[in-house]
>>> print(open('coords-v7.txt').read())   # compact mmCIF, C-alpha atoms
# COMPACT_ATOMS: atom_id res chain seq x y z
CA MET A 183 69.42 -101.76 -53.76
CA ASN A 184 65.66 -101.39 -53.47
CA ASN A 185 63.35 -99.45 -55.71
CA ASN A 186 63.66 -96.37 -53.49
CA SER A 187 67.42 -96.23 -53.86
CA ARG A 188 67.27 -96.72 -57.59
CA ASP A 189 68.91 -94.17 -59.83
CA ILE A 190 66.74 -94.15 -62.94
CA ASN A 191 68.97 -91.69 -64.76
CA LEU A 192 71.91 -93.99 -64.23
CA GLU A 193 69.85 -96.92 -65.57
CA LYS A 194 69.00 -94.90 -68.68
CA GLN A 195 72.65 -93.97 -69.15
CA ILE A 196 73.63 -97.64 -68.85
CA ASP A 197 71.06 -98.55 -71.48
CA ALA A 198 72.40 -95.84 -73.81
CA TYR A 199 75.98 -96.98 -73.11
CA ILE A 200 75.21 -100.59 -74.00
CA LYS A 201 73.55 -99.43 -77.20
CA GLY A 202 76.61 -97.31 -78.05
CA ASN A 203 74.68 -94.05 -77.84
CA LEU A 204 77.01 -92.16 -75.51
CA SER A 205 79.84 -89.82 -76.43
CA GLU A 206 83.31 -90.30 -74.91
CA ASP A 207 82.62 -87.64 -72.29
CA GLU A 208 79.28 -89.15 -71.35
CA VAL A 209 80.92 -92.56 -71.02
CA ASP A 210 83.52 -91.08 -68.68
CA GLN A 211 80.81 -89.43 -66.59
CA LEU A 212 78.86 -92.67 -66.47
CA TRP A 213 81.90 -94.59 -65.23
CA VAL A 214 82.53 -92.01 -62.52
CA GLU A 215 79.00 -92.71 -61.31
CA LEU A 216 79.50 -96.46 -61.63
CA LEU A 217 82.65 -96.31 -59.52
CA LYS A 218 80.54 -94.69 -56.82
CA ASN A 219 77.74 -97.26 -57.26
CA PRO A 220 79.36 -100.69 -57.77
CA GLU A 221 76.02 -102.50 -57.51
CA TYR A 222 75.21 -100.93 -60.88
CA ILE A 223 78.43 -102.35 -62.34
CA ASP A 224 77.01 -105.81 -61.54
CA LEU A 225 73.80 -104.92 -63.33
CA LEU A 226 75.71 -103.47 -66.26
CA GLU A 227 77.70 -106.68 -66.65
CA THR A 228 74.56 -108.78 -66.49
CA GLU A 229 72.84 -106.57 -69.01
CA ILE A 230 75.76 -106.81 -71.44
CA ALA A 231 75.72 -110.60 -71.06
CA VAL A 232 71.93 -110.78 -71.60
CA LYS A 233 72.28 -108.67 -74.71
CA ARG A 234 74.98 -111.01 -76.01
CA VAL A 235 72.79 -114.05 -75.39
CA PHE A 236 69.98 -112.53 -77.45
CA GLU A 237 72.36 -111.42 -80.18
CA GLU A 238 73.84 -114.89 -80.38
CA ARG A 239 70.41 -116.47 -80.55
CA LYS A 240 69.47 -114.11 -83.34
CA ARG A 241 72.68 -114.90 -85.21
CA ASN A 242 72.20 -118.65 -84.81
CA GLU A 243 68.62 -118.32 -85.95
CA ALA A 244 69.75 -116.45 -89.06
CA GLN A 245 72.37 -119.09 -89.82
CA LYS A 246 70.02 -122.01 -89.40
CA PRO A 247 69.42 -123.58 -92.79
CA THR A 248 65.76 -123.43 -93.78
CA THR A 249 65.59 -127.04 -94.87
CA PRO A 250 62.28 -128.82 -95.17
CA ILE A 251 63.27 -130.60 -91.94
CA SER A 252 63.57 -127.49 -89.85
CA THR A 253 60.35 -126.13 -91.30
CA LEU A 254 58.51 -129.29 -90.44
CA ARG A 255 59.89 -129.17 -86.92
CA LYS A 256 57.98 -125.95 -86.37
CA SER A 257 54.67 -127.32 -87.59
CA TRP A 258 51.72 -128.50 -85.53
CA LYS A 259 52.08 -131.55 -83.37
CA TRP A 260 49.28 -133.42 -85.08
CA VAL A 261 51.12 -133.19 -88.37
CA ALA A 262 54.32 -134.44 -86.79
CA ALA A 263 53.44 -138.11 -86.83
CA ALA A 264 52.47 -138.09 -90.47
CA ALA A 265 55.39 -135.87 -91.34
CA SER A 266 57.95 -138.11 -89.67
CA VAL A 267 57.86 -140.48 -92.59
CA ALA A 268 58.38 -137.61 -94.97
CA ILE A 269 61.24 -136.29 -92.84
CA LEU A 270 62.94 -139.65 -92.99
CA VAL A 271 62.66 -139.74 -96.76
CA ILE A 272 63.95 -136.18 -97.07
CA ALA A 273 66.82 -136.89 -94.69
CA ILE A 274 67.87 -139.94 -96.68
CA ASN A 275 67.75 -137.87 -99.84
CA LEU A 276 69.81 -135.11 -98.26
CA LEU A 277 72.46 -137.60 -97.20
CA LYS A 278 72.47 -139.03 -100.68
CA VAL A 279 72.91 -135.57 -102.17
CA ASP A 280 75.76 -134.92 -99.70
CA SER A 281 77.71 -137.93 -100.86
CA GLU A 282 77.02 -137.35 -104.52
CA GLN A 283 77.40 -133.58 -104.59
CA ASN A 284 80.75 -132.31 -105.82
CA LEU A 285 83.00 -130.40 -103.46
CA GLN A 286 82.45 -127.02 -105.08
CA GLY A 287 78.73 -127.58 -104.66
CA LEU A 288 79.23 -127.94 -100.92
CA ALA A 289 81.28 -124.75 -100.61
CA LEU A 290 79.50 -121.50 -99.80
CA SER A 291 77.80 -120.09 -102.86
CA ASP A 292 77.95 -116.60 -101.40
CA ILE A 293 78.39 -114.87 -98.05
CA ASN A 294 75.59 -112.81 -96.56
CA ILE A 295 77.00 -109.30 -96.51
CA ALA A 296 74.64 -107.76 -93.94
CA GLU A 297 75.33 -110.51 -91.41
CA ASN A 298 78.99 -111.14 -91.97
CA LEU A 299 80.79 -107.95 -92.91
CA ALA A 300 83.03 -107.04 -90.02
CA SER A 301 82.26 -103.69 -88.46
CA PRO A 302 83.60 -101.93 -85.38
CA ASP A 303 82.39 -102.90 -81.95
CA VAL A 304 80.09 -100.01 -81.03
CA LEU A 305 78.52 -101.84 -78.13
CA ARG A 306 80.06 -99.75 -75.45
CA ASN A 307 81.69 -96.77 -77.00
CA GLN A 308 80.44 -95.21 -80.18
CA LYS A 309 82.98 -93.18 -82.05
CA GLU A 310 81.59 -90.87 -84.69
CA ARG A 311 84.70 -88.99 -85.72
CA LEU A 312 84.93 -88.94 -89.51
CA GLY A 313 88.24 -90.20 -90.85
CA ASP A 314 88.62 -92.59 -87.98
CA ALA A 315 89.23 -96.19 -89.10
CA ASP A 316 86.08 -97.37 -87.35
CA SER A 317 83.99 -94.70 -89.00
CA LEU A 318 85.36 -95.71 -92.39
CA LEU A 319 84.40 -99.32 -91.67
CA ASN A 320 80.92 -98.17 -90.75
CA ILE A 321 80.54 -96.11 -93.91
CA GLY A 322 81.91 -99.05 -95.90
CA PHE A 323 79.33 -101.34 -94.34
CA ARG A 324 76.54 -98.94 -95.23
CA ALA A 325 77.83 -98.68 -98.81
CA ALA A 326 78.11 -102.48 -99.16
CA VAL A 327 74.61 -103.21 -97.90
CA SER A 328 73.26 -100.44 -100.15
CA GLY A 329 74.82 -102.17 -103.15
CA GLU A 330 77.59 -99.57 -103.63
CA ILE A 331 80.25 -102.24 -103.77
CA SER A 332 83.01 -100.20 -105.47
CA LYS A 333 82.62 -97.45 -102.88
CA ALA A 334 82.77 -100.02 -100.07
CA LEU A 335 85.96 -101.53 -101.53
CA GLU A 336 87.56 -98.08 -101.80
CA LEU A 337 86.73 -97.33 -98.17
CA TYR A 338 88.12 -100.65 -96.96
CA GLN A 339 91.26 -100.04 -99.02
CA GLU A 340 91.59 -96.63 -97.36
CA VAL A 341 91.39 -98.29 -93.93
CA ILE A 342 94.15 -100.73 -94.91
CA GLU A 343 96.41 -98.00 -96.27
CA ASN A 344 95.98 -95.55 -93.42
CA TYR A 345 95.42 -97.76 -90.39
CA GLN A 346 97.69 -100.70 -91.14
CA ASN A 347 98.42 -101.42 -87.47
CA GLU A 348 94.90 -101.17 -86.14
CA PRO A 349 92.37 -104.02 -85.79
CA ALA A 350 90.23 -102.19 -88.35
CA ALA A 351 92.74 -103.14 -91.06
CA ALA A 352 92.12 -106.85 -90.38
CA GLN A 353 88.37 -106.24 -90.56
CA ALA A 354 88.80 -104.33 -93.82
CA TYR A 355 90.72 -107.24 -95.37
CA LEU A 356 88.02 -109.67 -94.27
CA ASN A 357 85.32 -107.47 -95.80
CA ILE A 358 87.20 -107.14 -99.08
CA GLY A 359 87.51 -110.92 -99.11
CA ILE A 360 83.77 -111.35 -98.59
CA ILE A 361 82.93 -108.92 -101.40
CA LYS A 362 85.44 -110.53 -103.78
CA TYR A 363 84.11 -113.98 -102.85
CA ASN A 364 80.57 -112.94 -103.70
CA SER A 365 81.73 -111.60 -107.07
CA GLY A 366 83.33 -114.97 -107.82
CA ASP A 367 86.88 -113.60 -107.69
CA TYR A 368 88.15 -116.37 -105.40
CA GLU A 369 91.82 -115.61 -106.09
CA GLU A 370 91.51 -112.06 -104.75
CA ALA A 371 89.19 -113.25 -101.98
CA SER A 372 91.75 -115.78 -100.79
CA LYS A 373 94.51 -113.13 -100.78
CA ALA A 374 92.31 -110.81 -98.71
CA PHE A 375 91.35 -113.55 -96.22
CA ASN A 376 95.00 -114.51 -95.89
CA ASN A 377 95.91 -110.89 -95.20
CA ALA A 378 93.16 -110.70 -92.59
CA LEU A 379 94.60 -113.74 -90.85
CA LYS A 380 98.12 -112.32 -90.90
CA LYS A 381 96.92 -109.45 -88.73
CA ASP A 382 97.12 -110.07 -85.05
CA THR A 383 93.58 -110.41 -83.86
CA LYS A 384 92.53 -111.94 -80.59
CA GLU A 385 88.92 -112.26 -81.58
CA GLN A 386 87.95 -115.90 -81.92
CA LEU A 387 84.93 -115.40 -84.18
CA PHE A 388 86.99 -113.27 -86.54
CA LYS A 389 89.62 -116.01 -86.90
CA GLU A 390 86.93 -118.61 -87.42
CA LYS A 391 85.27 -116.58 -90.15
CA ALA A 392 88.50 -115.75 -91.95
CA ASN A 393 89.65 -119.40 -91.92
CA TRP A 394 86.25 -120.69 -92.95
CA TYR A 395 85.85 -118.28 -95.86
CA LEU A 396 89.45 -118.83 -96.94
CA GLY A 397 88.84 -122.58 -97.00
CA ASN A 398 85.75 -122.11 -99.13
CA ALA A 399 87.65 -119.83 -101.50
CA TYR A 400 90.39 -122.47 -101.87
CA ILE A 401 87.78 -125.12 -102.64
CA ASN A 402 86.43 -122.94 -105.41
CA LEU A 403 90.01 -122.57 -106.70
CA ASN A 404 90.42 -126.35 -106.42
CA ARG A 405 93.40 -125.89 -104.08
CA LEU A 406 92.30 -128.74 -101.87
CA GLU A 407 95.44 -129.27 -99.76
CA GLU A 408 95.37 -125.63 -98.71
CA ALA A 409 91.61 -125.78 -98.22
CA ARG A 410 92.00 -128.78 -95.94
CA LYS A 411 94.55 -126.99 -93.79
CA VAL A 412 92.44 -123.91 -93.09
CA ILE A 413 89.16 -125.79 -92.77
CA HIS A 414 90.81 -128.06 -90.26
CA LYS A 415 91.93 -124.93 -88.43
CA THR A 416 88.28 -123.75 -88.46
CA TYR A 417 87.21 -127.09 -87.04
CA THR A 418 89.74 -126.92 -84.22
CA LEU A 419 88.62 -123.41 -83.28
CA ASP A 420 85.48 -125.22 -82.14
CA GLY A 421 83.00 -122.47 -82.85
CA ILE A 422 79.96 -121.85 -84.99
CA TYR A 423 81.46 -123.41 -88.15
CA ARG A 424 82.65 -126.62 -86.50
CA LYS A 425 79.94 -128.88 -87.89
CA ALA A 426 80.07 -127.39 -91.36
CA ALA A 427 83.87 -127.64 -91.30
CA PHE A 428 83.67 -131.30 -90.32
CA ARG A 429 81.34 -132.02 -93.21
CA LEU A 430 83.65 -130.31 -95.69
CA LEU A 431 86.71 -132.05 -94.26
CA ARG A 432 85.11 -135.41 -94.92
CA LYS A 433 84.42 -134.45 -98.48
CA ILE A 434 87.89 -132.95 -99.07
CA ASP A 435 89.58 -136.06 -97.66
CA TYR A 436 87.40 -138.21 -99.84
CA GLU A 437 88.44 -136.16 -102.87
CA LEU A 438 92.10 -136.29 -101.84
CA GLY A 439 91.80 -140.01 -101.18
CA ASN A 440 93.78 -139.73 -97.98
CA VAL A 441 91.44 -140.87 -95.28
CA ASP A 442 90.31 -144.03 -93.67
CA PHE A 443 86.63 -143.34 -93.05
CA ASP A 444 86.39 -146.03 -90.40
CA ASN A 445 88.46 -143.80 -88.09
CA PHE A 446 87.57 -140.42 -89.50
CA ASP A 447 86.35 -138.86 -86.25
CA GLU A 448 89.49 -139.91 -84.40
CA GLN A 449 91.78 -138.70 -87.16
CA ILE A 450 90.13 -135.29 -87.19
CA LYS A 451 90.36 -135.01 -83.41
CA GLU A 452 94.04 -135.89 -83.57
CA GLY A 453 94.55 -133.14 -86.13
CA LYS A 454 95.64 -135.48 -88.90
CA MET B 196 81.61 -93.33 -50.71
CA ASP B 197 82.99 -89.87 -51.28
CA TYR B 198 86.38 -90.24 -52.88
CA ALA B 199 87.21 -86.58 -52.40
CA ASP B 200 87.93 -87.76 -48.84
CA LEU B 201 90.85 -89.76 -50.18
CA VAL B 202 92.74 -86.55 -50.94
CA GLU B 203 91.99 -85.24 -47.48
CA ALA B 204 92.95 -88.54 -45.80
CA LEU B 205 96.27 -88.65 -47.64
CA LYS B 206 97.11 -85.11 -46.67
CA LYS B 207 96.32 -85.92 -43.06
CA ASN B 208 98.29 -89.17 -43.26
CA ASP B 209 95.17 -91.05 -42.19
CA SER B 210 96.37 -94.44 -43.40
CA SER B 211 93.35 -96.44 -42.26
CA LYS B 212 91.00 -94.21 -44.27
CA VAL B 213 93.37 -94.25 -47.25
CA ASN B 214 93.46 -98.06 -47.15
CA GLU B 215 89.70 -98.23 -46.84
CA HIS B 216 89.32 -96.13 -49.98
CA LEU B 217 91.95 -98.02 -51.91
CA SER B 218 90.53 -101.43 -51.05
CA THR B 219 87.16 -100.44 -52.52
CA LEU B 220 88.63 -98.62 -55.51
CA ILE B 221 90.95 -101.31 -56.84
CA PRO B 222 88.26 -103.89 -57.71
CA ARG B 223 86.11 -101.17 -59.26
CA LEU B 224 88.94 -100.00 -61.47
CA HIS B 225 89.53 -103.64 -62.48
CA ARG B 226 85.97 -103.86 -63.62
CA PHE B 227 86.21 -100.62 -65.56
CA LEU B 228 89.23 -102.00 -67.36
CA THR B 229 87.76 -105.40 -68.12
CA ILE B 230 84.30 -104.19 -69.10
CA HIS B 231 85.08 -100.94 -70.87
CA MET B 232 88.58 -101.50 -72.16
CA ASN B 233 88.31 -105.29 -72.68
CA ALA B 234 91.48 -105.71 -70.64
CA SER B 235 92.62 -109.16 -69.55
CA ARG B 236 92.56 -109.84 -65.82
CA GLN B 237 96.34 -109.52 -65.56
CA ASP B 238 96.47 -106.25 -67.51
CA ALA B 239 93.61 -104.87 -65.40
CA GLU B 240 95.46 -105.70 -62.18
CA ASP B 241 98.70 -104.14 -63.41
CA CYS B 242 96.89 -101.08 -64.68
CA ALA B 243 94.82 -100.47 -61.57
CA GLN B 244 97.91 -100.74 -59.36
CA GLU B 245 99.86 -98.40 -61.58
CA THR B 246 96.97 -95.93 -61.65
CA LEU B 247 96.69 -95.87 -57.88
CA LEU B 248 100.41 -95.28 -57.47
CA LEU B 249 100.31 -92.42 -59.95
CA THR B 250 97.22 -90.95 -58.28
CA LEU B 251 98.77 -91.09 -54.83
CA GLU B 252 101.88 -89.46 -56.23
CA ALA B 253 99.80 -86.72 -57.84
CA ILE B 254 97.93 -86.08 -54.59
CA ASN B 255 101.16 -85.95 -52.60
CA ASP B 256 102.65 -83.52 -55.12
CA ASP B 257 99.52 -81.40 -54.82
CA ARG B 258 98.84 -81.73 -58.53
CA ILE B 259 95.14 -82.52 -58.09
CA LYS B 260 93.52 -79.15 -57.72
CA ASN B 261 89.94 -80.35 -57.56
CA PRO B 262 89.47 -83.35 -55.24
CA GLU B 263 85.91 -83.74 -56.54
CA ARG B 264 87.37 -84.85 -59.85
CA ILE B 265 89.59 -87.53 -58.37
CA LEU B 266 87.61 -90.37 -60.00
CA SER B 267 87.75 -88.72 -63.44
CA TYR B 268 91.48 -88.36 -62.98
CA MET B 269 91.79 -92.06 -62.10
CA LEU B 270 89.70 -93.22 -65.05
CA THR B 271 91.74 -91.15 -67.49
CA SER B 272 94.92 -92.41 -65.93
CA CYS B 273 93.64 -96.00 -66.13
CA LYS B 274 92.81 -95.64 -69.81
CA ASN B 275 96.20 -94.14 -70.61
CA ASN B 276 98.06 -96.83 -68.70
CA TYR B 277 96.13 -99.56 -70.41
CA LEU B 278 96.72 -98.07 -73.86
CA LYS B 279 100.43 -98.00 -73.06
CA ILE B 280 100.33 -101.72 -72.17
CA ILE B 281 98.47 -102.49 -75.37
CA SER B 282 100.93 -100.60 -77.53
CA LYS B 283 103.80 -102.44 -75.85
CA ASP B 284 102.04 -105.74 -76.57
CA LYS B 285 101.64 -104.77 -80.19
CA GLU B 286 105.36 -104.10 -80.53
CA GLN B 287 106.08 -107.53 -79.08
CA ASN B 288 103.54 -109.18 -81.34
CA TYR B 289 105.51 -108.21 -84.40
CA GLU B 290 108.38 -110.34 -83.20
CA ASP B 291 108.50 -114.04 -83.96
CA VAL B 292 106.66 -115.38 -80.95
CA PRO B 293 104.51 -118.53 -81.26
CA GLU B 294 100.86 -117.67 -81.96
CA GLU B 295 99.51 -119.49 -78.89
CA GLN B 296 101.27 -117.13 -76.52
CA HIS B 297 99.45 -114.09 -77.88
CA HIS B 298 96.00 -115.55 -77.53
CA GLN B 299 96.04 -117.12 -74.12
CA PRO B 300 94.36 -114.25 -72.24
CA GLY B 301 91.66 -113.94 -74.89
CA GLN B 302 90.97 -117.66 -74.82
CA LEU B 303 90.72 -117.69 -71.06
CA LYS B 304 88.26 -114.81 -71.16
CA ALA B 305 86.21 -116.62 -73.80
CA MET B 306 86.02 -119.68 -71.55
CA LEU B 307 84.84 -117.61 -68.62
CA ASP B 308 82.31 -115.86 -70.82
CA GLU B 309 81.01 -119.22 -71.98
CA GLU B 310 80.45 -120.32 -68.40
CA ARG B 311 78.74 -117.07 -67.57
CA LYS B 312 76.57 -117.40 -70.65
CA SER B 313 75.40 -120.90 -69.74
CA LEU B 314 74.46 -119.88 -66.21
CA LEU B 315 72.71 -116.78 -67.44
CA GLU B 316 70.76 -118.74 -70.03
CA TRP B 317 69.62 -121.06 -67.29
CA CYS B 318 68.51 -118.05 -65.22
CA MET B 319 66.72 -116.55 -68.22
CA GLU B 320 64.79 -119.78 -68.65
CA GLN B 321 63.47 -119.40 -65.08
CA LEU B 322 61.85 -116.05 -65.87
CA LYS B 323 58.09 -115.78 -66.32
CA ASP B 324 57.06 -116.02 -69.97
CA GLU B 325 55.91 -112.43 -69.98
CA TYR B 326 59.32 -111.30 -68.72
CA LYS B 327 61.10 -113.45 -71.28
CA LYS B 328 59.12 -111.77 -74.05
CA PHE B 329 59.81 -108.36 -72.56
CA MET B 330 63.55 -108.94 -72.51
CA GLU B 331 63.62 -110.45 -75.95
CA TYR B 332 61.75 -107.45 -77.34
CA TRP B 333 64.07 -105.03 -75.56
CA PHE B 334 67.33 -106.65 -76.57
CA THR B 335 66.79 -108.19 -79.97
CA ASP B 336 66.52 -104.86 -81.75
CA PRO B 337 69.63 -102.78 -80.97
CA GLY B 338 67.76 -99.54 -81.68
CA MET B 339 64.85 -100.40 -79.38
CA GLU B 340 63.60 -97.44 -77.35
CA ALA B 341 61.91 -97.73 -73.96
CA GLU B 342 58.89 -95.89 -75.41
CA LYS B 343 58.32 -98.63 -77.99
CA VAL B 344 58.64 -101.32 -75.35
CA ALA B 345 56.14 -99.45 -73.16
CA ASP B 346 53.65 -99.30 -76.06
CA LYS B 347 54.11 -102.95 -76.92
CA PHE B 348 53.57 -104.17 -73.36
CA ASP B 349 50.99 -101.55 -72.48
CA LEU B 350 53.02 -100.14 -69.60
CA SER B 351 53.81 -96.61 -68.52
CA LEU B 352 57.32 -95.48 -69.34
CA SER B 353 58.27 -95.45 -65.71
CA ASN B 354 56.91 -98.98 -65.18
CA THR B 355 58.80 -100.14 -68.25
CA TRP B 356 62.11 -99.01 -66.75
CA THR B 357 61.15 -100.52 -63.42
CA ARG B 358 60.32 -103.84 -65.01
CA LYS B 359 63.59 -103.90 -66.89
CA HIS B 360 65.50 -103.05 -63.73
CA ARG B 361 63.74 -105.80 -61.77
CA ILE B 362 64.41 -108.42 -64.40
CA ILE B 363 68.09 -107.54 -64.75
CA LYS B 364 68.43 -107.50 -60.98
CA GLN B 365 66.70 -110.87 -60.73
CA LEU B 366 68.98 -112.33 -63.41
CA ASN B 367 72.01 -110.86 -61.70
CA GLU B 368 71.04 -112.39 -58.35
CA CYS B 369 70.29 -115.73 -59.96
CA TYR B 370 73.65 -115.67 -61.76
CA GLN B 371 75.57 -114.71 -58.60
CA GLU B 372 73.85 -117.48 -56.67
CA LYS B 373 74.53 -120.12 -59.33
CA SER B 374 78.12 -119.06 -59.90
CA GLU B 375 78.90 -119.49 -56.22
CA LEU B 376 77.76 -123.11 -56.24
>>> encode(input="coords-v7.txt", output="structure tokens")
Amino acid sequence: MNNNSRDINLEKQIDAYIKGNLSEDEVDQLWVELLKNPEYIDLLETEIAVKRVFEERKRNEAQKPTTPISTLRKSWKWVAAAASVAILVIAINLLKVDSEQNLQGLALSDINIAENLASPDVLRNQKERLGDADSLLNIGFRAAVSGEISKALELYQEVIENYQNEPAAAQAYLNIGIIKYNSGDYEEASKAFNNALKKDTKEQLFKEKANWYLGNAYINLNRLEEARKVIHKTYTLDGIYRKAAFRLLRKIDYELGNVDFDNFDEQIKEGK
Amino acid sequence: MDYADLVEALKKNDSSKVNEHLSTLIPRLHRFLTIHMNASRQDAEDCAQETLLLTLEAINDDRIKNPERILSYMLTSCKNNYLKIISKDKEQNYEDVPEEQHHQPGQLKAMLDEERKSLLEWCMEQLKDEYKKFMEYWFTDPGMEAEKVADKFDLSLSNTWTRKHRIIKQLNECYQEKSEL
């Protein structure tokens, strides 16, 4: 495909498709064109993957803790040498805090709603029909980020009641759990996270989140055996919470008095 | 390729032309199913086969009145077949089957995606700085319009689309090359 054989309208449609701006009919028309022009399917796939890379970078950036260490890392090179001593001191202090801090202090204090509420995947196919489970999740998200928490909870409850067998129900449970967690109602949060996990979802990140938040809720409820189980599950899922899960596992096992720290890494790997 | 010919070829019993059409269509339908419907490789294969059989049957029974719409017919048929597979899977999932069995296709896809991601990231690193910034600006904000990108990079709208096309094409070629190694 050279520039002369380019189909700019098709490129614009692909862009709109990836951004979720096409109706069902437009998506169908686009795919008819793509079936006729397979070289554009290659480009579409690459574009989706590029978008995911940027989204992941953005997400990782947002999750990076803004410790004095990471701030210093971004500073000018000439400061670096002088700062290294300070970094060392800060690091030692952080480690000290880690070992002295109680377990509840290490658990999540709250969960960022805007970044973590589950919402429908509108990447490729935006559905706008009101009453649809996905639409309800979207409206719930908007309500939650606007501070209308009761309205968001009602909407998520509606999803659960009316769309019990759809993936949206699992997302609704997760979102209720997050909201309850942030209000300090860890008992209800843990029930909601458990319900989310009971739903059959194949999405890895969803399972990671639900296990991780459930583990944190259990820590706040001082149910450490249960916390250990789900945080270990989070660790084995080997995703974005792996390191944080490892850190909490150490602390939980210390509290439970059931670990030999000399072989901790091996024990965790073996699933003990 | 004009797929309206497929109807004609079938009616004329032109098997070499029919096979030529089918051999190009099957992989394209696979890709529709995996990209658009998030189907696993196995489901996509089953679905595409089933769709082709149904389409051939419909052509033979003279049920396709407008050969120009043959691809639309196939896409709709593909979607319906896939949704049927999914609903069957859901029924099975409510039975007591070990969790690992449900998630195998998803895990495999995640592994492949991870490999693709690493290669693509490598390719993205090879881009000129200006192109890296361009792509970052375009993709980091989901609501980003081409007009805004054009303003930001002081390009005409047409040149903005051309630049985006070139970069995606370059990344695609780089990825294809690396993945064949």
>>> residues_around(input="coords-v7.txt", residues="B:Thr271", least_positions_apart="6", cutoff="12 Å", atoms="all atoms listed in the file", output="PyMOL selection string")
(chain A and resi 206-207+209-211+213-214) or (chain B and resi 224+227-228+232+242-243+246-247+249-250+264-265+277-278)
>>> write_last_selection(input="coords-v7.txt", atoms="C-alpha atoms", output="PDB file, in the coordinates of the input")
ATOM      1  CA  GLU A 206      83.310 -90.300 -74.910  1.00  0.00           C
ATOM      2  CA  ASP A 207      82.620 -87.640 -72.290  1.00  0.00           C
ATOM      3  CA  VAL A 209      80.920 -92.560 -71.020  1.00  0.00           C
ATOM      4  CA  ASP A 210      83.520 -91.080 -68.680  1.00  0.00           C
ATOM      5  CA  GLN A 211      80.810 -89.430 -66.590  1.00  0.00           C
ATOM      6  CA  TRP A 213      81.900 -94.590 -65.230  1.00  0.00           C
ATOM      7  CA  VAL A 214      82.530 -92.010 -62.520  1.00  0.00           C
TER       8      VAL A 214
ATOM      9  CA  LEU B 224      88.940-100.000 -61.470  1.00  0.00           C
ATOM     10  CA  PHE B 227      86.210-100.620 -65.560  1.00  0.00           C
ATOM     11  CA  LEU B 228      89.230-102.000 -67.360  1.00  0.00           C
ATOM     12  CA  MET B 232      88.580-101.500 -72.160  1.00  0.00           C
ATOM     13  CA  CYS B 242      96.890-101.080 -64.680  1.00  0.00           C
ATOM     14  CA  ALA B 243      94.820-100.470 -61.570  1.00  0.00           C
ATOM     15  CA  THR B 246      96.970 -95.930 -61.650  1.00  0.00           C
ATOM     16  CA  LEU B 247      96.690 -95.870 -57.880  1.00  0.00           C
ATOM     17  CA  LEU B 249     100.310 -92.420 -59.950  1.00  0.00           C
ATOM     18  CA  THR B 250      97.220 -90.950 -58.280  1.00  0.00           C
ATOM     19  CA  ARG B 264      87.370 -84.850 -59.850  1.00  0.00           C
ATOM     20  CA  ILE B 265      89.590 -87.530 -58.370  1.00  0.00           C
ATOM     21  CA  TYR B 277      96.130 -99.560 -70.410  1.00  0.00           C
ATOM     22  CA  LEU B 278      96.720 -98.070 -73.860  1.00  0.00           C
TER      23      LEU B 278
END
>>> interface_residues(input="coords-v7.txt", of="chain B", to="chain A", cutoff="6 Å", atoms="all atoms listed in the file", output="PyMOL selection string")
chain B and resi 223+266+298+334-335+367
>>> atom_distance(input="coords-v7.txt", atom1="atom CA of A:Ile295", atom2="atom CA of A:Tyr423")
17.0 Å
>>> atom_distance(input="coords-v7.txt", atom1="atom CA of B:Asn261", atom2="atom CA of B:Ala199")
8.5 Å
>>> atom_distance(input="coords-v7.txt", atom1="atom CA of A:Leu299", atom2="atom CA of A:Leu430")
22.7 Å
>>> residues_near_point(input="coords-v7.txt", point="(82.7, -124.1, -85.3)", cutoff="12 Å", atoms="all atoms listed in the file", output="list in words")
Asn242, Gln386, Leu387, Phe388, Lys389, Glu390, Lys391, Asn393, Trp394, Ile413, His414, Lys415, Thr416, Tyr417, Thr418, Leu419, Asp420, Gly421, Ile422, Tyr423, Arg424, Lys425, Ala426, Ala427, Phe428 and Arg429 of chain A
>>> residues_around(input="coords-v7.txt", residues="B:Glu325", least_positions_apart="4", cutoff="12 Å", atoms="all atoms listed in the file", output="short mmCIF file (atom, residue, chain, number, x, y, z; two decimals) with C-alpha atoms, in the frame of the given file")
data_model
loop_
_atom_site.label_atom_id
_atom_site.label_comp_id
_atom_site.auth_asym_id
_atom_site.auth_seq_id
_atom_site.Cartn_x
_atom_site.Cartn_y
_atom_site.Cartn_z
CA MET B 319 66.72 -116.55 -68.22
CA GLU B 320 64.79 -119.78 -68.65
CA GLN B 321 63.47 -119.40 -65.08
CA PHE B 329 59.81 -108.36 -72.56
CA MET B 330 63.55 -108.94 -72.51
CA GLU B 331 63.62 -110.45 -75.95
CA TYR B 332 61.75 -107.45 -77.34
CA LYS B 347 54.11 -102.95 -76.92
CA PHE B 348 53.57 -104.17 -73.36
CA ARG B 358 60.32 -103.84 -65.01
CA LYS B 359 63.59 -103.90 -66.89
CA ILE B 362 64.41 -108.42 -64.40
#
>>> closest_residue(input="coords-v7.txt", among="A:Ser372, A:Asn404, A:Gln286, A:Gln353", to="A:Phe323", atoms="all atoms listed in the file")
A:Gln353
>>> residues_near_point(input="coords-v7.txt", point="(75.0, -104.3, -101.2)", cutoff="12 Å", atoms="all atoms listed in the file", output="ChimeraX atom specification")
/A:293-297,299,322-335,360-361,364-365
>>> closest_residue(input="coords-v7.txt", among="B:Ile280, B:Ser218, B:Lys327, B:Val344", to="B:Ala239", atoms="only C-alpha atoms")
B:Ile280
